[in-house]
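Undergrad: Below is a structure I'd like to ask you about.
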Amino acid sequence: MHKLEDNRAWLLVVPVFALVAFNAVIPLMTVVNYSLQDIFGPGQRVFIGVEWFREVLRDLTIQASFLRQVAFSALVLAIQIPLGIAIALLLPRVGWKSSLAIILIAIPLLVPFNVVGTIWQVYARPDIGFLGRGVNAIGIDYNYTASAVSAWITLLLMDTWHWTPLVILLAFAGLCSIPEPYYQAARIDGASRWAVFRHIELPKLRGVLTIAILLRFMDSFMIYTEPFVVTGGGPGSSTTFLSVRLVNMAVGQFDLGPAAAFSLIYFLVILLFSYVFYTILKMNEGEP
Amino acid sequence: MAEITISGLRHSYDGDLSDPSRLALKGIDHVWRDGGAYALLGPSGCGKSSMLNIISGLIRPTAGRILFDGRDVTDLRPEERNIAQVFQFPVLYDTMTVQENLAFPLRNRKIAPAAIARRVAEVAEMLDLGPLLKRRASRLGAAEKQKISLGRGLVREDVAAILFDEPLTVIDPQVKFDLRRKLKLVHETLKLTLVYVTHDQSEALTFADQVVVMSDGEVVQAGTPEELYERPAHAFVGRFIGSPGMNFLPCRFEEGEIRFTGGRLSAPGLRRLAGQEGLSLGLRPQALQPATAPTGVEAEMMGLEDRGHYRIADVAMGAVRLKMRLAEGVTAPQGRFPVAFRPASTLVFAGDRLVGDLADAQA
Amino acid sequence: MDADRRGHPILFRGGAGVIRLENLGRSVDGAMHLEGIDLTLSPGINVLLGRTHAGKTSLLRVLAGLDRPTAGTVTQEGQDLTALPLSKRNVAFVYQQFVNYPAFSVRDNIAAPLRRKGLARDEIARRVADVARRARIEPLLDRLPAQLSGGQQQRLAIARALAKDAPLMLFDEPLVNLDYKLREGLREELRGLFHDGQTVVYATTEPEEALQMGGTTIVMHEGRVLQTGPAHSVYRNPASVTVAEIFSEPPMNVVAARAQDGRLTLGDLTLPLPDHAPAGLMGCRVGLQPHRISRSPGPIRLEGETLLAEVDGSSTFAHFRAGGQPWIARLDGVHSLPIGAPFTGFADPADLYFFAEDGTLLAPARGALHG
């Protein structure tokens with residue numbers, strides 16, 4: 001469609017540019033600045049080039065955190081996307097039942113991150129938590145402070161509880177926008193339920209699923225608050241994800257230079273992954 | 001292929017049949033003959049879409065039966081009825097090629113791959129889709145897409161009828177000719193029962209051999225395009241078909257004459273209408289002409305619209321305004337002038353129903 | 001120039017006067033939308049007639065100030081308004097889509113442009129009532145647009161435009177999305193809704209609509225203006241084959257022909273050269289309006305078979321093939337002609353149009369001159 005042409009419109013965009021410059025570009029440049037210098041104290045700094053980058057990339061604990069992070073995000077996507085779609089498919093599409101279901105499902109999204117962590121920290125405790133005690137009572141040895149497997153299961157469960165609703169909502173909106181004739185045509189063509197899903201629903205959901213996958217990837221790849229609250233990165237370093245490791249480095253050890261280099265690499269990795277996802281999902285798209 | 005019989009059909013979306021004025025369909029009996037090309041014509045809200053969905057099985061009627069070749073299918077689901085449907089907007093499987101789209105209904109019915117390939121090739125040939133078979137369906141133009149939708153119906157050799165729901169809405173005017181011709185040729189070749197639902201009289205009259213006109217949940221007339229135009233059985237059909245629609249002139253029958261404000265016409269043959277209320281004359285704009293002799297009914301010229309090779313005159317006759325069509329070469333009268341009625345095209349309606357014309361009344 | 005209460009100049013107060021477009025062009029990313037348009041729009045009805053993508057909408061948008069031309073000027077009574085933005089022009093625009101404020105009642109929709117002008121309350125009420133009566137939506141004043149039918153929604157959009165009482169009223173195929181019968185009804189009323197001094201520019205693809213609206217017809221094709229003139233004179237004397245095809249429903253029959261030794265040859269058909277054929281004619285193209293082919297005998301006999309019969313309103317377009325050539329006849333009334341059935345049409349040589357091989361009109365049909 002044509003749009004109204006008026007060059008003064010650019011003036012309206014200036015505040016946004018200023019804001020973005022202030023809250024994104026300037027801090028980012030500071031980080032770049034730190035990442036290239038060794039700072040001993042106020043006024044004492046030495047330019048050292050890409051030394052910190054080299055150090056971060058060679059750091060075995062960071063490499064381990066990276067692999068852990070990739071595994072975590074992969075599991076999150078593998079669980080939450082299909083689960084979200086499946087639940088969305090089961091929801092009623094119209095009527096008060098539909099509205100009620102949507103409201104109930106959206107509740108976890110309204111809980112702040114650190115509260116989610118605190119809730120699950122208590123809920124899953126083997127001594128006093130409802131979940132922890134229950135699971136142990138049926139004879140399964142479960143303790144997220146002692147067992148790496150338990151810790152991972154706890155974090156995945158918590159994240160799934162917290163964020164699958166987002167996937168459900170997106171998928172549900174996508175499903176609701178499919179015109180009725182598609183379903184009618186499929187019935188007339190004698191398509192099975194699976195064929196309807198495979199050839200109508202899934203292709204029509206591609207757009208919203210692209211958004212869901214990107215959002216869930218980025219969020220899970222940057223997860224910090226929940227493991228920090230629930231497991232503190234343990235037991236051992238089994239849940240020390242990249243963010244946790246980064247904060248330890250920057251705040252705990254106050255290694256600003258390497259932490260800055262780490263942040264930049266982290267940022268670029270997320271950008272790269274997101275781009276790859278986006279490209280794959282947009283490839284061979286149905287619409288011309 | 002099948003003959004579709006509808007009997008005693010009534011439908012209400014809340015399932016309550018007690019209040020006839022609120023019914024979507026108010027008692028319909030109709031037979032769609034095997035191999036006929038039908039149009040179901042009416043304005044929005046007349047019940048034609050409900051009727052379509054009842055035939056295809058997407059809606060179960062509140063009362064009444066539907067028979068395919070005498071077999072009761074009222075309780076069968078759409079996939080069990082062997083009905084195909086082409087929708088207003090092309091409905092395709094975006095991820096599939098044209099070929100896969102055409103094969104889809106057959107694959108779902110577990111037909112042998114060799115038979116599928118043969119049938120798809122035949123249908124593609126018939127619809128000129130051959131060169132496009134390997135293309136992704138989603139990348140084609142609207143006309144091709146509608147052909148594919150049609151093709152998905154045609155591949156099934158057991159198909160009882162194909163239903164069309166305003167299928168040419170999204171087609172550019174320049175391409176409509178091709179698609180209309182293709183549809184007709186397919187019908188002549190395969191002799192399928194086709195039902196074409198539309199609000200557009202031109203679509204209906206162009207497509208169909210038989211047009212079923214619906215208004216307010218009822219069938220008001222079923223007939224050939226010529227019949228609907230020349231002898232509308234109901235005033236609604238007269239107004240709805242033709243452009244401009246039919247004029248109606250309220251009248252009464254007295255002493256062997258049709259009388260109306262400002263004029264009278266001799267009609268001894270219509271004696272049976274004496275004293276009846278709600279009579280009117282139905283006149284197509286070309287049924288009225290300026291009279292050569294001053295014996296006609298007096299009228300007054302109110303306005304004239306040039307439409308190229310003809311003109312439409314706005315004529316006042318008493319308190320009634322009528323549209324009169326003037327051919328090229330006919331001089332437009334001015335002020336008050338006498339009007340002649342063409343007897344064979346002067347229809348008489350009683351309570352909106354056609355009861356005769358002036359030609360047989362005068363004979 | 002006048003000014004409103006915020007100090008903006010208001011153009012087109014009172015009447016729009018004469019609007020002149022000179023050598024107007026507009027291209028977007030290298031694609032030409034309008035080219036070399038020289039046009040004078042006078043108060044009254046001006047119809048832009050052309051197929052889709054002929055540049056009608058682009059021209060309306062330039063007139064409204066929604067787009068700025070990339071070449072040429074727009075002047076009004078000598079005043080240059082090429083660069084004047086929409087907010088400073090007093091124009092009303094009715095679109096194909098039914099554009100209304102969804103949360104406003106019909107009454108408030110109509111009142112919206114009047115409130116913006118800062119009119120007094122009772123003046124607004126008076127004008128709303130007047131416009132609602134003219135647009136025949138009086139009983140619907142308290143409804144919301146979503147509770148209206150398509151025809152009523154478009155009536156509301158037209159009412160809002162009328163309420164604005166703008167000297168320049170732009171219509172972009174306002175009836176195209178309406179049902180057949182609604183379109184027919186609104187068409188008849190539209191012409192009577194404007195007052196003297198208002199300049200109406202009305203875009204349509206339909207020849208019949210152009211004839212019915214009357215006034216000046218501007219035939220557009222591929223971003224250019226092909227011909228301008230009173231509707232009926234353009235209809236009867238099209239300057240070229242393209243105009244004839246655009247301004248005829250169905251399009252005029254045009255076939256290649258040769259004149260030699262007092263005879264005219266069209267494909268397999270030979271007839272005496274009609275009197276009105278231009279002198280010294282050789283190779284040419286001959287046009288025959290579809291309604292000039294009839295089934296009652298005449299001097300030219302076109303015998304062949306039916307390709308398709310299309311019904312349009314009260315007439316039937318009979319497509320048939322005769323003499324190795326596709327023809328279209330426009331017959332009065334509704335007729336069913338099966339595909340492949342024999343069809344014989346007749347025509348009169350006096351009805352032939354003669355065009356040069358490049359499409360320019362050489363001689364109109366004889367009846368056209370004094371029609």
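Chain lettering (A, B, ...) mirrors the order of the structure tokens, residue numbering begins at 1 for each chain separately, and ligand numbering begins at 1 in order of display.
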Once you count only C-alpha atoms, what closest atom pair and distance in Å to one decimal does each residue of chain B within 8 Å of chain A have, with rows by chain and rising residue number, as a Markdown table?
TA:
| residue | atom | partner | partner_atom | distance |
| --- | --- | --- | --- | --- |
| B:Leu58 | CA | A:Gln184 | CA | 7.5 |
| B:Pro78 | CA | A:Ile188 | CA | 5.6 |
| B:Glu79 | CA | A:Ile188 | CA | 4.8 |
| B:Asn82 | CA | A:Ile188 | CA | 7.6 |
| B:Ile83 | CA | A:Ile188 | CA | 6.7 |
| B:Ala84 | CA | A:Ile188 | CA | 6.3 |
| B:Gln85 | CA | A:Ala185 | CA | 7.0 |
| B:Phe87 | CA | A:Pro181 | CA | 6.9 |
| B:Val91 | CA | A:Tyr182 | CA | 5.9 |
| B:Leu92 | CA | A:Tyr182 | CA | 7.7 |
| B:Tyr93 | CA | A:His199 | CA | 6.0 |
| B:Asp94 | CA | A:Gly286 | CA | 5.4 |
| B:Thr95 | CA | A:Gly286 | CA | 5.8 |
| B:Phe104 | CA | A:Asp189 | CA | 7.2 |
| B:Pro105 | CA | A:Asp189 | CA | 4.6 |
| B:Asn108 | CA | A:Ala191 | CA | 5.8 |
| B:Arg109 | CA | A:Gly190 | CA | 7.0 |
| B:Ser138 | CA | A:Glu287 | CA | 6.1 |
| B:Arg139 | CA | A:Pro288 | CA | 5.4 |
| B:Arg152 | CA | A:Asp189 | CA | 7.8 |
Undergrad: Give me, as a ChimeraX atom specification, the contact residues of chain C against chain B at a cut-off of 10 Å, counting only C-alpha atoms.
TA: /C:51-52,149,179-182,184-185,188,207-214,231-233,235-236,247-248,289,291-292,307-317,319,332-340,367,371
Undergrad: Take the residues just selected and output them with C-alpha atoms as a PDB file, in the first residue's frame.
TA:
ATOM      1  CA  ARG C  51      -8.558  -0.643 -16.232  1.00  0.00           C
ATOM      2  CA  THR C  52      -6.837  -1.643 -12.997  1.00  0.00           C
ATOM      3  CA  SER C 149     -24.469  -3.825   5.766  1.00  0.00           C
ATOM      4  CA  ASP C 179     -23.244  -6.460  -4.277  1.00  0.00           C
ATOM      5  CA  TYR C 180     -24.654  -6.059  -7.752  1.00  0.00           C
ATOM      6  CA  LYS C 181     -28.040  -4.644  -6.770  1.00  0.00           C
ATOM      7  CA  LEU C 182     -26.616  -2.275  -4.149  1.00  0.00           C
ATOM      8  CA  GLU C 184     -26.950  -0.332  -9.138  1.00  0.00           C
ATOM      9  CA  GLY C 185     -28.965   1.613  -6.536  1.00  0.00           C
ATOM     10  CA  GLU C 188     -28.213   6.118  -9.630  1.00  0.00           C
ATOM     11  CA  PRO C 207     -17.808   2.198 -18.941  1.00  0.00           C
ATOM     12  CA  GLU C 208     -21.423   2.138 -17.858  1.00  0.00           C
ATOM     13  CA  GLU C 209     -20.583   3.946 -14.636  1.00  0.00           C
ATOM     14  CA  ALA C 210     -18.727   6.619 -16.580  1.00  0.00           C
ATOM     15  CA  LEU C 211     -21.736   7.117 -18.858  1.00  0.00           C
ATOM     16  CA  GLN C 212     -24.126   7.167 -15.946  1.00  0.00           C
ATOM     17  CA  MET C 213     -22.107   9.714 -13.968  1.00  0.00           C
ATOM     18  CA  GLY C 214     -21.919  11.861 -17.085  1.00  0.00           C
ATOM     19  CA  ALA C 231     -18.718  11.235 -21.680  1.00  0.00           C
ATOM     20  CA  HIS C 232     -20.902  10.631 -24.695  1.00  0.00           C
ATOM     21  CA  SER C 233     -18.682  12.198 -27.250  1.00  0.00           C
ATOM     22  CA  TYR C 235     -17.883   7.053 -26.061  1.00  0.00           C
ATOM     23  CA  ARG C 236     -18.999   7.629 -29.633  1.00  0.00           C
ATOM     24  CA  PHE C 247     -14.856   2.512 -23.046  1.00  0.00           C
ATOM     25  CA  SER C 248     -16.990  -0.396 -24.163  1.00  0.00           C
ATOM     26  CA  GLN C 289     -19.251  -2.176 -31.121  1.00  0.00           C
ATOM     27  CA  HIS C 291     -24.182  -3.981 -29.350  1.00  0.00           C
ATOM     28  CA  ARG C 292     -24.064  -3.341 -33.105  1.00  0.00           C
ATOM     29  CA  LEU C 307     -17.547 -19.698 -27.426  1.00  0.00           C
ATOM     30  CA  LEU C 308     -19.479 -18.581 -24.345  1.00  0.00           C
ATOM     31  CA  ALA C 309     -22.530 -16.555 -23.432  1.00  0.00           C
ATOM     32  CA  GLU C 310     -22.108 -14.252 -20.441  1.00  0.00           C
ATOM     33  CA  VAL C 311     -25.091 -12.492 -18.906  1.00  0.00           C
ATOM     34  CA  ASP C 312     -24.559  -8.973 -17.632  1.00  0.00           C
ATOM     35  CA  GLY C 313     -27.511  -7.154 -16.135  1.00  0.00           C
ATOM     36  CA  SER C 314     -30.180  -7.118 -18.819  1.00  0.00           C
ATOM     37  CA  SER C 315     -27.963  -8.163 -21.696  1.00  0.00           C
ATOM     38  CA  THR C 316     -26.058 -11.171 -22.908  1.00  0.00           C
ATOM     39  CA  PHE C 317     -22.501 -11.039 -24.192  1.00  0.00           C
ATOM     40  CA  HIS C 319     -18.659 -14.585 -27.555  1.00  0.00           C
ATOM     41  CA  ASP C 332     -30.538  -7.360 -25.251  1.00  0.00           C
ATOM     42  CA  GLY C 333     -32.190  -9.698 -22.789  1.00  0.00           C
ATOM     43  CA  VAL C 334     -31.057 -12.976 -21.307  1.00  0.00           C
ATOM     44  CA  HIS C 335     -30.183 -15.796 -23.677  1.00  0.00           C
ATOM     45  CA  SER C 336     -28.655 -19.216 -23.045  1.00  0.00           C
ATOM     46  CA  LEU C 337     -26.302 -20.192 -25.834  1.00  0.00           C
ATOM     47  CA  PRO C 338     -24.544 -23.511 -25.333  1.00  0.00           C
ATOM     48  CA  ILE C 339     -20.823 -23.578 -26.080  1.00  0.00           C
ATOM     49  CA  GLY C 340     -20.255 -24.779 -29.629  1.00  0.00           C
ATOM     50  CA  GLY C 367     -24.251   6.857 -36.717  1.00  0.00           C
ATOM     51  CA  GLY C 371     -25.798  10.077 -32.361  1.00  0.00           C
TER      52      GLY C 371
END
Undergrad: Starting from chain C, keep only residues with some atom at most 10 Å from an atom of chain A, counting only C-alpha atoms, and report them as a PDB file with all heavy atoms, in the first residue's frame.
TA:
ATOM      1  N   SER C  58      -3.308   6.574  -8.425  1.00  0.00           N
ATOM      2  CA  SER C  58      -2.133   7.439  -8.275  1.00  0.00           C
ATOM      3  C   SER C  58      -2.507   8.886  -8.493  1.00  0.00           C
ATOM      4  O   SER C  58      -2.078   9.773  -7.758  1.00  0.00           O
ATOM      5  CB  SER C  58      -1.047   7.049  -9.280  1.00  0.00           C
ATOM      6  OG  SER C  58      -0.737   5.693  -9.158  1.00  0.00           O
ATOM      7  N   ARG C  61      -4.479  10.278  -5.598  1.00  0.00           N
ATOM      8  CA  ARG C  61      -3.625  10.512  -4.426  1.00  0.00           C
ATOM      9  C   ARG C  61      -2.806  11.793  -4.580  1.00  0.00           C
ATOM     10  O   ARG C  61      -2.591  12.506  -3.611  1.00  0.00           O
ATOM     11  CB  ARG C  61      -2.729   9.302  -4.175  1.00  0.00           C
ATOM     12  CG  ARG C  61      -3.515   8.073  -3.714  1.00  0.00           C
ATOM     13  CD  ARG C  61      -2.607   6.874  -3.501  1.00  0.00           C
ATOM     14  NE  ARG C  61      -1.594   7.172  -2.510  1.00  0.00           N
ATOM     15  CZ  ARG C  61      -1.766   7.000  -1.203  1.00  0.00           C
ATOM     16  NH1 ARG C  61      -2.885   6.507  -0.735  1.00  0.00           N
ATOM     17  NH2 ARG C  61      -0.794   7.307  -0.359  1.00  0.00           N
ATOM     18  N   GLY C  65      -3.109  15.196  -2.251  1.00  0.00           N
ATOM     19  CA  GLY C  65      -1.921  15.610  -1.510  1.00  0.00           C
ATOM     20  C   GLY C  65      -1.337  14.469  -0.704  1.00  0.00           C
ATOM     21  O   GLY C  65      -0.476  14.670   0.142  1.00  0.00           O
ATOM     22  N   LEU C  66      -1.811  13.237  -0.951  1.00  0.00           N
ATOM     23  CA  LEU C  66      -1.257  12.069  -0.259  1.00  0.00           C
ATOM     24  C   LEU C  66       0.114  11.717  -0.823  1.00  0.00           C
ATOM     25  O   LEU C  66       0.981  11.221  -0.123  1.00  0.00           O
ATOM     26  CB  LEU C  66      -2.193  10.871  -0.411  1.00  0.00           C
ATOM     27  CG  LEU C  66      -3.472  10.898   0.422  1.00  0.00           C
ATOM     28  CD1 LEU C  66      -4.489   9.907  -0.119  1.00  0.00           C
ATOM     29  CD2 LEU C  66      -3.170  10.582   1.879  1.00  0.00           C
ATOM     30  N   ASP C  67       0.304  11.925  -2.106  1.00  0.00           N
ATOM     31  CA  ASP C  67       1.590  11.690  -2.751  1.00  0.00           C
ATOM     32  C   ASP C  67       2.017  12.969  -3.446  1.00  0.00           C
ATOM     33  O   ASP C  67       1.190  13.750  -3.897  1.00  0.00           O
ATOM     34  CB  ASP C  67       1.471  10.594  -3.825  1.00  0.00           C
ATOM     35  CG  ASP C  67       1.207   9.238  -3.222  1.00  0.00           C
ATOM     36  OD1 ASP C  67       1.652   9.009  -2.079  1.00  0.00           O
ATOM     37  OD2 ASP C  67       0.564   8.414  -3.888  1.00  0.00           O
ATOM     38  N   ARG C  68       3.330  13.132  -3.551  1.00  0.00           N
ATOM     39  CA  ARG C  68       3.828  14.296  -4.264  1.00  0.00           C
ATOM     40  C   ARG C  68       4.284  13.848  -5.651  1.00  0.00           C
ATOM     41  O   ARG C  68       4.920  12.807  -5.775  1.00  0.00           O
ATOM     42  CB  ARG C  68       5.015  14.878  -3.494  1.00  0.00           C
ATOM     43  CG  ARG C  68       5.257  16.325  -3.839  1.00  0.00           C
ATOM     44  CD  ARG C  68       6.394  16.862  -3.042  1.00  0.00           C
ATOM     45  NE  ARG C  68       6.030  17.121  -1.648  1.00  0.00           N
ATOM     46  CZ  ARG C  68       6.887  17.668  -0.776  1.00  0.00           C
ATOM     47  NH1 ARG C  68       8.102  17.971  -1.136  1.00  0.00           N
ATOM     48  NH2 ARG C  68       6.507  17.889   0.453  1.00  0.00           N
ATOM     49  N   PRO C  85       0.752  20.010   1.481  1.00  0.00           N
ATOM     50  CA  PRO C  85       0.386  18.732   2.091  1.00  0.00           C
ATOM     51  C   PRO C  85      -1.127  18.589   2.275  1.00  0.00           C
ATOM     52  O   PRO C  85      -1.867  19.572   2.253  1.00  0.00           O
ATOM     53  CB  PRO C  85       1.087  18.757   3.447  1.00  0.00           C
ATOM     54  CG  PRO C  85       1.248  20.201   3.754  1.00  0.00           C
ATOM     55  CD  PRO C  85       1.413  20.903   2.441  1.00  0.00           C
ATOM     56  N   LEU C  86      -1.525  17.359   2.480  1.00  0.00           N
ATOM     57  CA  LEU C  86      -2.928  16.989   2.626  1.00  0.00           C
ATOM     58  C   LEU C  86      -3.652  17.837   3.666  1.00  0.00           C
ATOM     59  O   LEU C  86      -4.775  18.274   3.459  1.00  0.00           O
ATOM     60  CB  LEU C  86      -2.979  15.509   3.026  1.00  0.00           C
ATOM     61  CG  LEU C  86      -4.328  14.935   3.442  1.00  0.00           C
ATOM     62  CD1 LEU C  86      -5.226  14.820   2.235  1.00  0.00           C
ATOM     63  CD2 LEU C  86      -4.139  13.572   4.079  1.00  0.00           C
TER      64      LEU C  86
END
Undergrad: If we count only C-alpha atoms and set the cut-off at 9 Å, which residues sit around Asn23 of chain C, ignoring sequence neighbours fewer than 5 positions away in its own chain? Please answer as a ChimeraX atom specification.
TA: /C:35-39,71-73
Undergrad: Take the selection from the previous step and output its residues with N, CA, C and O atoms, as a PDB file, in the first residue's frame.
TA:
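The new file selection.pdb reads:
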ATOM      1  N   GLU C  35       2.521   9.572 -16.116  1.00  0.00           N
ATOM      2  CA  GLU C  35       3.507  10.155 -17.008  1.00  0.00           C
ATOM      3  C   GLU C  35       2.867  11.195 -17.924  1.00  0.00           C
ATOM      4  O   GLU C  35       1.835  10.940 -18.543  1.00  0.00           O
ATOM      5  N   GLY C  36       3.476  12.371 -17.972  1.00  0.00           N
ATOM      6  CA  GLY C  36       3.087  13.413 -18.927  1.00  0.00           C
ATOM      7  C   GLY C  36       1.613  13.750 -18.911  1.00  0.00           C
ATOM      8  O   GLY C  36       0.979  13.843 -19.962  1.00  0.00           O
ATOM      9  N   ILE C  37       1.046  13.937 -17.716  1.00  0.00           N
ATOM     10  CA  ILE C  37      -0.397  14.199 -17.642  1.00  0.00           C
ATOM     11  C   ILE C  37      -0.661  15.695 -17.725  1.00  0.00           C
ATOM     12  O   ILE C  37      -0.186  16.461 -16.893  1.00  0.00           O
ATOM     13  N   ASP C  38      -1.376  16.104 -18.741  1.00  0.00           N
ATOM     14  CA  ASP C  38      -1.846  17.478 -18.870  1.00  0.00           C
ATOM     15  C   ASP C  38      -3.359  17.417 -18.810  1.00  0.00           C
ATOM     16  O   ASP C  38      -3.988  16.761 -19.643  1.00  0.00           O
ATOM     17  N   LEU C  39      -3.919  18.078 -17.820  1.00  0.00           N
ATOM     18  CA  LEU C  39      -5.337  17.880 -17.580  1.00  0.00           C
ATOM     19  C   LEU C  39      -5.919  19.100 -16.899  1.00  0.00           C
ATOM     20  O   LEU C  39      -5.277  19.714 -16.054  1.00  0.00           O
ATOM     21  N   ALA C  71       7.206  14.791 -11.100  1.00  0.00           N
ATOM     22  CA  ALA C  71       7.426  15.753 -12.182  1.00  0.00           C
ATOM     23  C   ALA C  71       6.160  16.557 -12.368  1.00  0.00           C
ATOM     24  O   ALA C  71       5.064  16.094 -12.049  1.00  0.00           O
ATOM     25  N   GLY C  72       6.291  17.770 -12.882  1.00  0.00           N
ATOM     26  CA  GLY C  72       5.137  18.575 -13.230  1.00  0.00           C
ATOM     27  C   GLY C  72       4.527  19.316 -12.046  1.00  0.00           C
ATOM     28  O   GLY C  72       5.021  19.248 -10.926  1.00  0.00           O
ATOM     29  N   THR C  73       3.429  20.021 -12.335  1.00  0.00           N
ATOM     30  CA  THR C  73       2.816  20.863 -11.307  1.00  0.00           C
ATOM     31  C   THR C  73       1.309  20.682 -11.257  1.00  0.00           C
ATOM     32  O   THR C  73       0.683  20.281 -12.226  1.00  0.00           O
TER      33      THR C  73
END
Undergrad: Go ahead and compute the interatomic distance for atom CA of Ala112 of chain C and atom CA of Ser42 of chain C, in Å to one decimal.
TA: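 Atom-to-atom, atom CA of Ala112 of chain C and atom CA of Ser42 of chain C are spaced 28.1 Å apart.
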Undergrad: Given the choices A:Ile62, A:Val56, A:Val116, A:Leu19, which gets closest to Arg245 of chain A if the distance is worked out from only C-alpha atoms?
TA: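 For Arg245 of chain A, the nearest of the candidates is A:Ile62.
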Undergrad: Residues at most 7 Å from Val47 of chain C, counting only C-alpha atoms, excluding those fewer than 4 positions away in the same chain, as a ChimeraX atom specification?
TA: /C:201-203,210,216-218
Undergrad: Only N, CA and C atoms, please: the residues just picked out, written as a PDB file, in the first residue's frame.
TA:
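That gives us result.pdb:
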ATOM      1  N   VAL C 201     -13.994  14.110  -8.655  1.00  0.00           N
ATOM      2  CA  VAL C 201     -13.161  13.260  -9.502  1.00  0.00           C
ATOM      3  C   VAL C 201     -13.446  11.829  -9.090  1.00  0.00           C
ATOM      4  N   TYR C 202     -13.921  11.038 -10.031  1.00  0.00           N
ATOM      5  CA  TYR C 202     -14.491   9.734  -9.729  1.00  0.00           C
ATOM      6  C   TYR C 202     -13.801   8.674 -10.585  1.00  0.00           C
ATOM      7  N   ALA C 203     -13.093   7.764  -9.939  1.00  0.00           N
ATOM      8  CA  ALA C 203     -12.365   6.737 -10.695  1.00  0.00           C
ATOM      9  C   ALA C 203     -13.198   5.477 -10.812  1.00  0.00           C
ATOM     10  N   ALA C 210     -19.189   5.345 -16.030  1.00  0.00           N
ATOM     11  CA  ALA C 210     -18.727   6.619 -16.580  1.00  0.00           C
ATOM     12  C   ALA C 210     -19.865   7.311 -17.320  1.00  0.00           C
ATOM     13  N   THR C 216     -17.426  14.993 -17.560  1.00  0.00           N
ATOM     14  CA  THR C 216     -16.249  14.809 -18.390  1.00  0.00           C
ATOM     15  C   THR C 216     -15.653  13.441 -18.125  1.00  0.00           C
ATOM     16  N   THR C 217     -15.305  12.730 -19.178  1.00  0.00           N
ATOM     17  CA  THR C 217     -14.625  11.457 -18.997  1.00  0.00           C
ATOM     18  C   THR C 217     -13.170  11.613 -19.387  1.00  0.00           C
ATOM     19  N   ILE C 218     -12.295  11.094 -18.516  1.00  0.00           N
ATOM     20  CA  ILE C 218     -10.861  11.134 -18.776  1.00  0.00           C
ATOM     21  C   ILE C 218     -10.419   9.680 -18.880  1.00  0.00           C
TER      22      ILE C 218
END
Undergrad: Could you give me, as a count of residues only, each residue of segment 131-363 of chain B that DSSP assigns to helix (DSSP H, G or I) when run on this structure's backbone?
TA: 72
Undergrad: State, in Å with one decimal place, the distance from atom CA of Pro108 of chain A to atom CA of Ala212 of chain A.
TA: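 Answer for the atom CA of Pro108 of chain A to atom CA of Ala212 of chain A separation: 16.5 Å.
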Undergrad: Using only C-alpha atoms, which of the listed residues (B:Phe236, B:Phe341, B:Phe260, B:Tyr196) sits closest to Gln210 of chain B?
TA: B:Tyr196
Undergrad: Go through C:Ala120, C:Val176, C:Val99, C:Val225 one by one, measure the shortest atom-to-atom distance of each to Gln153 of chain C using only C-alpha atoms, and give the residue with the smallest value.
TA: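 Under the stated criterion, the closest residue is C:Val99.
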Undergrad: Excluding Ile328 of chain C and its own-chain neighbours fewer than 3 positions away, which residues fall within 8 Å of it when counting only C-alpha atoms? Please give them as number ranges by chain.
TA: C: 250, 252-253, 290, 317-320
Undergrad: Atom CA of Ala332 of chain B and atom CA of Thr292 of chain B, how far apart in Å?
TA: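 Computing the Euclidean distance for atom CA of Thr292 of chain B and atom CA of Ala332 of chain B yields 12.2 Å.
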